[in-house]
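A.B. asks: Take a look at this one; I'll ask things after.
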Amino acid sequence: MPRDTAYQMTEPEGQTDDALLARYAQGDAAAARALLDRLAPRVLRLARRLLQDQAEAEDVTQEAMLRLWQIAPDWQAGGAKPSTWLHRVTVNLATDRLRRRRGVALDAIEEPDDPTPGVVDAMIDGDRKRALDEALALLPDRQRVAVVLRHLEGMTNPDIAATMGIGVEAVESLTARAKRRLAQLLAGRREELGFET
Amino acid sequence: MNQGRKNQSPDVLAEIELDSLFQQAQEDAPTPLPEPFQARLLADALSAQPGAAPQRVWSRLVGWLGEFGGVPGVAGVAAAGVAGVWIGFSGPGLTGDLVTEFWQGAATVSPTVSSWVEDGPLVVAGSDLLSLMNDEAE
């Protein structure tokens, strides 16, 4: 397919993701870079939050982005947004990895007991975002996935249930337990978080 | 900052406090990608781009050949292959004939095994070669 050099002279700023993806499919390298800058950091953050492993998160991000590039020529503009599609692919790839990591289904993982005393004290200093990420890392996988998808990614409970392969009630239970755990884990950092002690 | 945590235990964060953390985490811009990782993703994007496939195949081929010594290595292997085919088709027969064919006059300077043994090649001016080697070793 011939490359349209006129596209390469157009600034990608202000264009929709759909438009950029179409330009990418027509051979515009600048569109690829613009889409990467827009979409990949969020994908990496989501993967890192779910997997709690930088190398695995990068692998998942790379795979998700590659799938986006591969589907670009067939992309139907006006349907799902590329960011939404990418989000779904990332969640699926990450949850698949979590399942493989444990060697069992994600919903078969036994939840550990209450958090170990002193764990919070061992956390390194940081800002609120960092504190939340560190507390998320201490959650069991299922709880972390549920709370990240519900409260950080804004997915609905039915969508989360479908993604995780469990029922809606199980999602609600996991989310509630995760929030209780986070509230416990972060209580010791109240001052650092800027809350009244 | 009071986040409405009246009647809450000091051992847990109030729900409103936790929700404010979630809200902030949602709104925060993600950190930029590490540069090497970004370069890797961009390379993926460009190689997967429509119209870039032939380049990708060629670069893979070059990379694969590089493991075998690159172009000079492949040229050597190709030359040896051509020579082998030529030898096979020309049917030179015994290797002695082959040497003669390649090196005209070789038969006159290269003695046969029997004549070589008869001449006593291991004897050098009254001292055999093995004893010379022993001296060298000592």
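If you're wondering about the labels, chains in the structure tokens are A, B, ... by order shown, residues count from 1 in each chain, ligands from 1 in order shown.
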Using only C-alpha atoms, determine which residues lie at most 9 Å from range 35-52 of chain A, disregarding the query and same-chain residues fewer than 2 positions distant; provide the list as an MDAnalysis selection string.
C.D. replies: (chainID A and resid 12 17 20:21 24 30:33 54:58 60:62 64:65 82:83 86:87 90:91 93:95 97:98 133 136:137 141 144:145 148:149 152:153) or (chainID B and resid 29:33 38 41:42 45)
A.B. asks: When you draw a straight line from CA of Asn157 in chain A to CA of Ala80 in chain A, how long is it in Å?
C.D. replies: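 Between these atoms lies a distance of 19.2 Å.
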A.B. asks: Tell me, as a list in words, which residues lie within 8 Å of Pro50 in chain B, counting only C-alpha atoms; anything in the same chain fewer than 4 positions away does not count.
C.D. replies: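 Counting only the stated atoms, we get Met1, Ala25, Gln26, Gly27 and Pro73 of chain A.
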A.B. asks: What residues in chain B lie within 8 Å of chain A, counting only C-alpha atoms, written as JSON, numbers by chain?
C.D. replies: {"B": [1, 2, 3, 10, 11, 12, 13, 14, 15, 17, 18, 21, 22, 23, 24, 25, 26, 30, 31, 32, 33, 37, 38, 41, 42, 44, 45, 46, 48, 49, 50, 51]}
